[in-house]
>>> print(open('upload.txt').read())   # compact mmCIF, C-alpha atoms
# COMPACT_ATOMS: atom_id res chain seq x y z
CA MET A 1 1.89 62.60 -126.42
CA ARG A 2 0.10 65.72 -127.60
CA SER A 3 -1.65 67.78 -124.93
CA ILE A 4 -5.27 68.77 -125.50
CA TRP A 5 -5.54 71.35 -122.68
CA ASN A 6 -3.15 73.47 -120.62
CA GLY A 7 -3.98 74.80 -117.18
CA ALA A 8 -3.19 74.23 -113.51
CA ILE A 9 -4.25 72.12 -110.56
CA SER A 10 -5.55 74.23 -107.68
CA PHE A 11 -4.56 72.44 -104.46
CA GLY A 12 -5.47 74.89 -101.67
CA LEU A 13 -3.00 77.72 -102.15
CA VAL A 14 -0.76 75.51 -104.28
CA SER A 15 -1.00 75.89 -108.06
CA ILE A 16 0.52 73.16 -110.24
CA PRO A 17 0.87 73.95 -113.97
CA ILE A 18 -0.13 70.85 -115.94
CA LYS A 19 -0.89 69.60 -119.44
CA LEU A 20 -3.87 67.34 -120.13
CA VAL A 21 -3.13 64.28 -122.27
CA ASN A 22 -5.59 61.62 -123.43
CA ALA A 23 -5.02 58.37 -121.53
CA THR A 24 -7.20 56.28 -123.84
CA GLU A 25 -7.68 55.86 -127.55
CA SER A 26 -10.25 54.19 -129.74
CA ARG A 27 -9.00 51.17 -131.70
CA SER A 28 -12.33 50.32 -133.30
CA VAL A 29 -12.40 49.88 -137.08
CA SER A 30 -14.38 52.67 -138.77
CA PHE A 31 -16.26 52.37 -142.05
CA ARG A 32 -17.32 54.85 -144.75
CA GLN A 33 -20.66 55.01 -146.49
CA ILE A 34 -20.59 54.20 -150.21
CA HIS A 35 -22.99 53.91 -153.11
CA ILE A 36 -23.48 50.14 -153.50
CA GLU A 37 -23.91 50.27 -157.30
CA ASP A 38 -20.64 52.00 -158.17
CA GLY A 39 -18.70 52.19 -154.86
CA GLY A 40 -18.72 55.98 -154.85
CA ARG A 41 -18.20 57.69 -151.48
CA VAL A 42 -21.31 59.13 -149.84
CA ARG A 43 -20.55 62.30 -147.87
CA TYR A 44 -22.56 64.47 -145.55
CA LYS A 45 -23.13 68.05 -146.61
CA LYS A 46 -24.16 70.81 -144.22
CA VAL A 47 -26.97 72.62 -145.98
CA CYS A 48 -28.97 75.63 -144.84
CA GLU A 49 -32.68 74.82 -144.61
CA LEU A 50 -33.67 78.31 -145.75
CA ASP A 51 -31.72 78.71 -149.01
CA GLY A 52 -30.68 75.11 -149.67
CA GLU A 53 -27.03 76.12 -150.07
CA GLU A 54 -24.09 74.20 -148.59
CA VAL A 55 -22.53 76.13 -145.69
CA PRO A 56 -18.75 76.11 -145.05
CA GLN A 57 -17.50 75.39 -141.52
CA ALA A 58 -16.34 78.98 -141.01
CA GLU A 59 -19.93 80.24 -141.37
CA ILE A 60 -21.48 77.78 -138.93
CA GLY A 61 -22.32 79.08 -135.46
CA LYS A 62 -24.22 77.89 -132.35
CA ALA A 63 -27.80 78.45 -131.25
CA TYR A 64 -30.16 77.18 -128.57
CA GLU A 65 -33.50 75.86 -129.80
CA ASP A 66 -36.36 77.05 -127.61
CA ALA A 67 -39.43 74.96 -126.86
CA ASP A 68 -41.40 76.66 -129.63
CA GLY A 69 -38.63 76.06 -132.19
CA THR A 70 -37.14 79.54 -132.03
CA MET A 71 -33.35 79.63 -132.50
CA ILE A 72 -31.44 81.80 -129.99
CA PRO A 73 -27.93 82.54 -131.37
CA ILE A 74 -25.04 82.01 -128.92
CA THR A 75 -21.60 83.39 -129.78
CA GLU A 76 -18.17 82.41 -128.49
CA GLU A 77 -17.99 85.84 -126.82
CA ASP A 78 -21.17 85.05 -124.89
CA LEU A 79 -19.65 81.83 -123.57
CA ALA A 80 -16.30 83.45 -122.77
CA ALA A 81 -18.04 86.13 -120.67
CA LEU A 82 -19.62 83.55 -118.35
CA PRO A 83 -18.14 83.40 -114.81
CA LEU A 84 -16.37 80.02 -114.99
CA PRO A 85 -13.61 79.80 -112.37
CA THR A 86 -12.51 76.40 -113.65
CA ALA A 87 -11.89 77.60 -117.21
CA LYS A 88 -8.15 77.00 -116.86
CA THR A 89 -8.01 75.32 -113.47
CA ILE A 90 -8.63 71.83 -112.13
CA GLU A 91 -9.99 72.82 -108.73
CA ILE A 92 -9.74 70.10 -106.08
CA VAL A 93 -12.75 70.30 -103.76
CA ALA A 94 -12.35 67.19 -101.58
CA PHE A 95 -10.41 63.99 -100.86
CA VAL A 96 -12.50 60.84 -100.46
CA PRO A 97 -11.96 57.05 -100.39
CA ALA A 98 -11.97 55.55 -103.87
CA GLY A 99 -14.90 53.34 -102.87
CA ASP A 100 -17.11 56.42 -102.53
CA ILE A 101 -17.00 56.96 -106.30
CA ASP A 102 -19.74 55.09 -108.14
CA PRO A 103 -18.24 53.29 -111.19
CA LEU A 104 -21.35 54.36 -113.13
CA GLN A 105 -19.97 57.91 -113.03
CA MET A 106 -16.69 57.00 -114.76
CA ASP A 107 -16.11 58.72 -118.10
CA ALA A 108 -13.02 59.53 -120.19
CA ALA A 109 -9.54 59.20 -118.66
CA TYR A 110 -6.58 61.59 -118.91
CA TYR A 111 -2.97 61.84 -117.74
CA LEU A 112 -1.88 65.02 -116.00
CA SER A 113 1.66 65.97 -116.92
CA ALA A 114 3.73 68.54 -115.03
CA ASN A 115 4.13 71.56 -117.31
CA GLY A 116 7.70 72.75 -116.87
CA VAL A 117 10.48 72.31 -114.32
CA PRO A 118 8.90 74.50 -111.57
CA ALA A 119 5.80 72.28 -111.62
CA ALA A 120 7.77 69.10 -110.78
CA LYS A 121 7.98 69.77 -107.01
CA PRO A 122 4.30 70.51 -106.27
CA TYR A 123 3.26 67.80 -108.74
CA THR A 124 5.33 65.21 -106.84
CA LEU A 125 4.00 66.52 -103.53
CA LEU A 126 0.38 65.98 -104.59
CA ARG A 127 1.17 62.56 -106.04
CA GLU A 128 2.86 61.32 -102.87
CA ALA A 129 0.12 62.80 -100.68
CA LEU A 130 -2.49 60.86 -102.68
CA LYS A 131 -0.45 57.68 -102.34
CA ARG A 132 -0.02 57.98 -98.59
CA SER A 133 -3.63 58.94 -97.90
CA ASP A 134 -4.97 56.07 -100.02
CA LYS A 135 -7.65 58.45 -101.24
CA VAL A 136 -8.66 60.12 -104.49
CA ALA A 137 -9.24 63.80 -105.17
CA VAL A 138 -12.59 65.09 -106.42
CA ALA A 139 -12.18 68.14 -108.64
CA LYS A 140 -14.01 70.47 -111.00
CA TYR A 141 -12.64 71.49 -114.38
CA ALA A 142 -13.86 72.97 -117.66
CA LEU A 143 -13.30 71.30 -121.04
CA ARG A 144 -14.88 71.80 -124.45
CA GLY A 145 -17.23 74.54 -123.33
CA ARG A 146 -18.68 73.01 -120.18
CA GLU A 147 -17.79 72.45 -116.54
CA ARG A 148 -17.12 68.85 -115.59
CA LEU A 149 -16.46 66.70 -112.54
CA GLY A 150 -13.26 64.69 -112.21
CA MET A 151 -11.41 62.22 -109.99
CA LEU A 152 -7.63 62.36 -109.54
CA ARG A 153 -5.70 59.22 -108.62
CA VAL A 154 -2.15 57.90 -108.96
CA VAL A 155 -1.20 55.46 -111.73
CA ASP A 156 2.42 54.33 -111.38
CA ASP A 157 4.25 57.69 -111.02
CA VAL A 158 1.65 59.75 -112.85
CA ILE A 159 -1.47 61.59 -111.69
CA ALA A 160 -4.42 60.43 -113.77
CA MET A 161 -7.81 62.10 -113.97
CA HIS A 162 -11.08 60.34 -114.74
CA GLY A 163 -13.92 62.46 -115.99
CA LEU A 164 -17.05 61.85 -113.94
CA LEU A 165 -20.69 62.28 -114.78
CA TRP A 166 -22.58 64.60 -112.48
CA PRO A 167 -24.76 62.73 -109.96
CA ASP A 168 -27.96 63.98 -111.65
CA GLU A 169 -26.79 62.44 -114.93
CA ILE A 170 -27.04 58.90 -113.51
CA ARG A 171 -30.44 57.37 -114.11
CA ALA A 172 -32.15 55.38 -111.37
CA PRO A 173 -32.51 51.66 -112.27
CA GLU A 174 -36.30 51.71 -112.04
CA GLY A 175 -38.05 48.81 -113.75
CA VAL A 176 -34.77 47.07 -114.61
CA ALA A 177 -34.68 44.32 -111.99
CA PRO A 178 -36.87 41.19 -112.47
CA GLU A 179 -40.44 42.01 -111.50
CA ASN A 180 -41.39 38.55 -110.23
CA PRO A 181 -39.75 37.31 -107.03
CA VAL A 182 -37.20 34.56 -107.64
CA SER A 183 -35.73 32.23 -105.03
CA VAL A 184 -32.21 30.85 -105.40
CA ARG A 185 -31.29 27.59 -103.67
CA ASP A 186 -28.09 27.12 -101.70
CA ALA A 187 -27.01 24.34 -104.07
CA GLU A 188 -27.21 26.76 -107.00
CA LEU A 189 -25.21 29.37 -105.11
CA ASP A 190 -22.59 26.74 -104.27
CA LEU A 191 -22.18 25.88 -107.94
CA ALA A 192 -22.00 29.57 -108.86
CA ASP A 193 -19.24 30.00 -106.26
CA ALA A 194 -17.46 26.97 -107.73
CA LEU A 195 -17.63 28.50 -111.21
CA MET A 196 -16.25 31.82 -109.94
CA ALA A 197 -13.41 30.02 -108.15
CA THR A 198 -12.60 27.97 -111.25
CA LEU A 199 -12.50 30.99 -113.56
CA GLY A 200 -10.29 32.71 -110.99
CA GLU A 201 -8.49 35.97 -111.76
CA VAL A 202 -7.11 37.30 -115.03
CA ASP A 203 -4.27 39.52 -116.13
CA MET A 204 -6.17 42.44 -117.67
CA SER A 205 -3.30 43.16 -120.06
CA THR A 206 -3.90 39.80 -121.77
CA LEU A 207 -7.46 40.67 -122.83
CA HIS A 208 -7.99 41.90 -126.38
CA ASP A 209 -10.74 42.66 -128.89
CA ASP A 210 -11.33 39.42 -130.84
CA TYR A 211 -14.00 41.04 -133.02
CA ARG A 212 -11.66 43.83 -134.14
CA THR A 213 -9.00 41.23 -135.02
CA ALA A 214 -11.54 39.28 -137.10
CA VAL A 215 -12.62 42.46 -138.92
CA GLU A 216 -9.00 43.35 -139.74
CA GLU A 217 -8.34 39.83 -141.06
CA MET A 218 -11.47 40.01 -143.21
CA ILE A 219 -10.43 43.40 -144.64
CA ALA A 220 -6.93 42.11 -145.40
CA ALA A 221 -8.36 39.05 -147.17
CA LYS A 222 -10.70 41.19 -149.28
CA ALA A 223 -7.90 43.63 -150.12
CA GLU A 224 -5.93 40.73 -151.58
CA GLY A 225 -8.86 39.79 -153.82
CA GLY A 226 -10.24 37.05 -151.63
CA GLU A 227 -13.73 36.42 -150.38
CA GLY A 228 -13.03 37.31 -146.79
CA VAL A 229 -13.08 34.78 -144.00
CA ALA A 230 -15.23 31.69 -143.63
CA PRO A 231 -18.21 32.21 -141.33
CA PRO A 232 -17.99 30.34 -138.03
CA ALA A 233 -20.11 27.25 -137.50
CA THR A 234 -23.49 28.35 -136.29
CA GLY A 235 -24.56 26.72 -133.08
CA GLU A 236 -27.68 26.99 -131.07
CA GLU A 237 -27.71 30.28 -129.24
CA PRO A 238 -27.89 30.05 -125.44
CA GLY A 239 -31.20 30.94 -123.93
CA GLY A 240 -33.46 31.22 -126.94
CA GLY A 241 -36.50 31.52 -124.72
CA GLN A 242 -36.14 27.91 -123.59
CA VAL A 243 -36.31 26.82 -119.97
CA ILE A 244 -32.86 25.56 -118.98
CA ASP A 245 -31.73 23.34 -116.15
CA LEU A 246 -29.80 25.91 -114.14
CA MET A 247 -27.98 23.33 -112.05
CA ALA A 248 -26.87 21.37 -115.13
CA ALA A 249 -25.77 24.57 -116.88
CA LEU A 250 -23.68 25.59 -113.87
CA GLU A 251 -22.08 22.16 -113.61
CA ASN A 252 -21.24 22.16 -117.33
CA SER A 253 -19.81 25.67 -117.02
CA VAL A 254 -17.53 24.62 -114.16
CA ARG A 255 -16.40 21.56 -116.14
CA ALA A 256 -15.72 23.64 -119.28
CA ALA A 257 -13.79 26.25 -117.28
CA LYS A 258 -11.62 23.52 -115.76
CA GLU A 259 -10.91 22.05 -119.19
CA ALA A 260 -9.97 25.50 -120.51
CA ARG A 261 -7.50 25.90 -117.64
CA GLY A 262 -6.05 22.42 -118.24
CA GLU A 263 -7.34 21.05 -114.94
CA GLN A 264 -9.39 18.17 -116.36
CA GLY A 265 -8.30 14.85 -114.92
CA GLU A 266 -5.92 16.36 -112.39
CA GLY A 267 -6.17 16.04 -108.64
CA LYS A 268 -7.88 18.73 -106.67
CA GLY A 269 -5.45 21.44 -105.65
CA LYS A 270 -5.71 23.92 -102.86
CA GLY A 271 -8.61 26.28 -103.32
CA GLU A 272 -9.85 24.36 -106.36
CA ALA A 273 -13.59 24.16 -106.78
CA GLU A 274 -15.32 20.82 -106.39
CA VAL A 275 -18.29 19.92 -108.55
CA THR A 276 -20.94 17.81 -106.85
CA GLN A 277 -22.83 15.55 -109.21
CA LEU A 278 -26.57 15.77 -108.87
CA LYS A 279 -28.47 12.61 -107.87
CA SER A 280 -30.66 11.10 -110.55
CA ARG A 281 -34.23 12.24 -110.25
CA ALA A 282 -35.66 9.58 -112.61
CA ARG A 283 -38.69 7.84 -111.13
CA THR A 284 -39.07 4.04 -110.92
CA PRO A 285 -41.41 2.66 -113.61
CA LYS A 286 -45.06 2.42 -112.69
CA THR A 287 -45.10 -1.41 -112.93
CA THR A 288 -42.56 -1.62 -110.12
CA ASP A 289 -44.66 0.77 -108.05
CA ALA A 290 -47.67 -1.48 -108.63
CA LYS A 291 -45.76 -4.54 -107.49
CA LYS A 292 -44.58 -2.74 -104.38
CA SER A 293 -48.13 -1.65 -103.68
CA THR A 294 -49.47 -5.19 -104.15
CA SER A 295 -46.84 -6.71 -101.90
CA LYS A 296 -47.52 -4.11 -99.22
CA THR A 297 -51.26 -4.82 -99.43
CA ALA A 298 -50.68 -8.56 -99.17
CA ALA A 299 -48.45 -8.04 -96.17
CA LYS A 300 -51.14 -5.97 -94.51
CA LYS A 301 -53.77 -8.62 -95.21
CA THR A 302 -51.49 -11.36 -93.83
CA ALA A 303 -50.76 -9.35 -90.73
CA ALA A 304 -54.45 -8.60 -90.11
CA PRO A 305 -55.67 -12.19 -89.42
CA ALA A 306 -52.67 -12.80 -87.19
CA ARG A 307 -53.71 -9.85 -85.08
CA LYS A 308 -57.29 -11.08 -84.99
CA SER A 309 -56.28 -14.63 -83.93
CA THR A 310 -54.02 -13.21 -81.26
CA ALA A 311 -56.88 -11.11 -79.98
CA LYS A 312 -59.23 -14.13 -79.88
CA THR A 313 -56.66 -16.22 -78.02
CA ALA A 314 -56.21 -13.45 -75.49
CA THR A 315 -59.99 -13.25 -75.06
CA LYS A 316 -60.28 -16.99 -74.51
CA LYS A 317 -57.51 -16.94 -71.93
CA SER A 318 -59.16 -14.07 -70.14
CA THR A 319 -62.51 -15.85 -70.15
CA ALA A 320 -60.95 -19.06 -68.85
CA LYS A 321 -59.23 -17.22 -66.05
CA SER A 322 -62.39 -15.47 -65.01
CA THR A 323 -64.35 -18.79 -65.07
CA THR A 324 -61.70 -20.51 -62.96
CA THR A 325 -61.71 -17.64 -60.53
CA LYS A 326 -65.51 -17.77 -60.23
CA SER A 327 -65.49 -21.56 -59.72
CA THR A 328 -62.83 -21.34 -57.01
CA ALA A 329 -64.74 -18.59 -55.25
CA THR A 330 -67.98 -20.67 -55.33
CA LYS A 331 -66.24 -23.72 -53.87
CA LYS A 332 -64.71 -21.67 -51.05
CA THR A 333 -68.09 -20.18 -50.22
CA ALA A 334 -69.75 -23.63 -50.05
CA ALA A 335 -66.99 -24.98 -47.80
CA LYS A 336 -67.45 -22.10 -45.39
CA LYS A 337 -71.21 -22.73 -45.19
CA THR A 338 -70.64 -26.45 -44.45
CA THR A 339 -68.16 -25.69 -41.68
CA ALA A 340 -70.55 -23.20 -40.13
CA LYS A 341 -73.35 -25.80 -40.01
CA LYS A 342 -71.11 -28.34 -38.27
CA ALA A 343 -69.94 -25.85 -35.66
CA THR A 344 -73.49 -24.82 -34.60
CA PRO A 345 -74.72 -27.01 -31.57
CA ARG A 346 -78.09 -28.65 -31.93
CA LYS A 347 -80.71 -27.97 -29.26
CA ARG A 348 -82.14 -31.09 -27.48
CA THR A 349 -85.89 -31.47 -27.06
CA ALA A 350 -87.09 -32.24 -23.53
>>> encode(input="upload.txt", output="structure tokens")
Amino acid sequence: MRSIWNGAISFGLVSIPIKLVNATESRSVSFRQIHIEDGGRVRYKKVCELDGEEVPQAEIGKAYEDADGTMIPITEEDLAALPLPTAKTIEIVAFVPAGDIDPLQMDAAYYLSANGVPAAKPYTLLREALKRSDKVAVAKYALRGRERLGMLRVVDDVIAMHGLLWPDEIRAPEGVAPENPVSVRDAELDLADALMATLGEVDMSTLHDDYRTAVEEMIAAKAEGGEGVAPPATGEEPGGGQVIDLMAALENSVRAAKEARGEQGEGKGKGEAEVTQLKSRARTPKTTDAKKSTSKTAAKKTAAPARKSTAKTATKKSTAKSTTTKSTATKKTAAKKTTAKKATPRKRTA
């Protein structure tokens, strides 16, 4: 692979000569602009605004546009004279756990190749030190006229470097989250967990760009004089501003994921997600409710007289008891009076 930058890694007092090689490449299909009427190529021309003449690349320089529109020319000599210690050096400034690096900072990726036989020993030393520490190196380097931040880590037996955005280049997510508070039920979370478990893991090497493949097939068909490829059947787009049943959507997603993995109709294996069918929420027709209400009312009416008759019977019994008690008490009192009269001696008259 062709190197795009030569320099050295500064590791304390250790200097490791390296070559910088692109670790990624763009596979996207690029298009040209044409004149629709005759198919002629439309090109961009760099024209001077003052004289209207096209300017060749050799006569094009750099300038900084001030707030009032004034152009301040900047030459390559001006940039070269700036004190930039990382101009030819990847300077390691710290070693941190990989989790401390925010993925939002990730930028372009490069491979660092040892430049020459003498570089093999210190290169291997740094690689093995990174492996054993289970950390990544944070470094500064200069590329394409500006100083950048980078992260060094080990990929197989190679040191790779990811360009990082500076912390002040990451925008705060203000106003991005939903404004209105939303509550999520445990049942919905359970189904989301089931969907995640059903989808499982994936071998990243098996993923590919389906859109790029479709574009290439369409171009090949047109090149052979065809009409391209048939458009796919248009279905209703998800969402569409309609209110969806989240629980039903999650259940259908779990079912579809199982079918895609060939698990439909098979017994549940270890760690396999289980989908719980929701109970029907359909209400009983109103006529049935009316009948239930009528029967309940009739039952209440039937029960009411029974209670009343029971109460009357209890009252009668209570009254009878009290009458009997009074009668008995009266008889006892009369008997006592009679006995007292008999016991009292009568006085004789002389």
>>> atom_distance(input="upload.txt", atom1="atom CA of A:Leu195", atom2="atom CA of A:Leu250")
7.2 Å
>>> closest_residue(input="upload.txt", among="A:Gly99, A:Pro73, A:Pro85, A:Pro122", to="A:Arg148", atoms="all atoms listed in the file")
A:Pro85
>>> atom_distance(input="upload.txt", atom1="atom CA of A:Ala220", atom2="atom CA of A:Gly39")
18.2 Å
>>> closest_atom_pairs(input="upload.txt", of="stretch 112-143 of chain A", to="stretch 7-31 of chain A", cutoff="8 Å", atoms="only C-alpha atoms", output="Markdown table")
| residue | atom | partner | partner_atom | distance |
| --- | --- | --- | --- | --- |
| A:Leu112 | CA | A:Leu20 | CA | 5.1 |
| A:Ser113 | CA | A:Lys19 | CA | 5.1 |
| A:Ala114 | CA | A:Ile18 | CA | 4.6 |
| A:Asn115 | CA | A:Ile18 | CA | 4.5 |
| A:Gly116 | CA | A:Pro17 | CA | 7.5 |
| A:Ala119 | CA | A:Ile16 | CA | 5.5 |
| A:Pro122 | CA | A:Ile16 | CA | 6.1 |
| A:Tyr123 | CA | A:Ile16 | CA | 6.2 |
>>> atom_distance(input="upload.txt", atom1="atom CA of A:Arg127", atom2="atom CA of A:Ala87")
22.8 Å
>>> closest_residue(input="upload.txt", among="A:Asn6, A:Ala194, A:Ile101, A:Asn180", to="A:Tyr141", atoms="all atoms listed in the file")
A:Asn6
>>> residues_around(input="upload.txt", residues="A:Pro97", least_positions_apart="3", cutoff="7 Å", atoms="all atoms listed in the file", output="PyMOL selection string")
chain A and resi 100+135-136
>>> closest_residue(input="upload.txt", among="A:Leu84, A:Met196, A:Val184, A:Val176", to="A:Leu143", atoms="all atoms listed in the file")
A:Leu84
>>> closest_residue(input="upload.txt", among="A:Gly40, A:Gly150, A:Gly61, A:Pro118", to="A:Thr89", atoms="all atoms listed in the file")
A:Gly150
>>> residues_around(input="upload.txt", residues="A:Pro167", least_positions_apart="3", cutoff="12 Å", atoms="all atoms listed in the file", output="list in words")
Ile101, Asp102, Pro103, Leu104, Gln105, Met106, Arg148, Leu149, Gly150, Leu164, Ile170, Arg171 and Ala172 of chain A
>>> closest_residue(input="upload.txt", among="A:Glu91, A:Glu37, A:Asp78, A:Glu201", to="A:Arg261", atoms="all atoms listed in the file")
A:Glu201
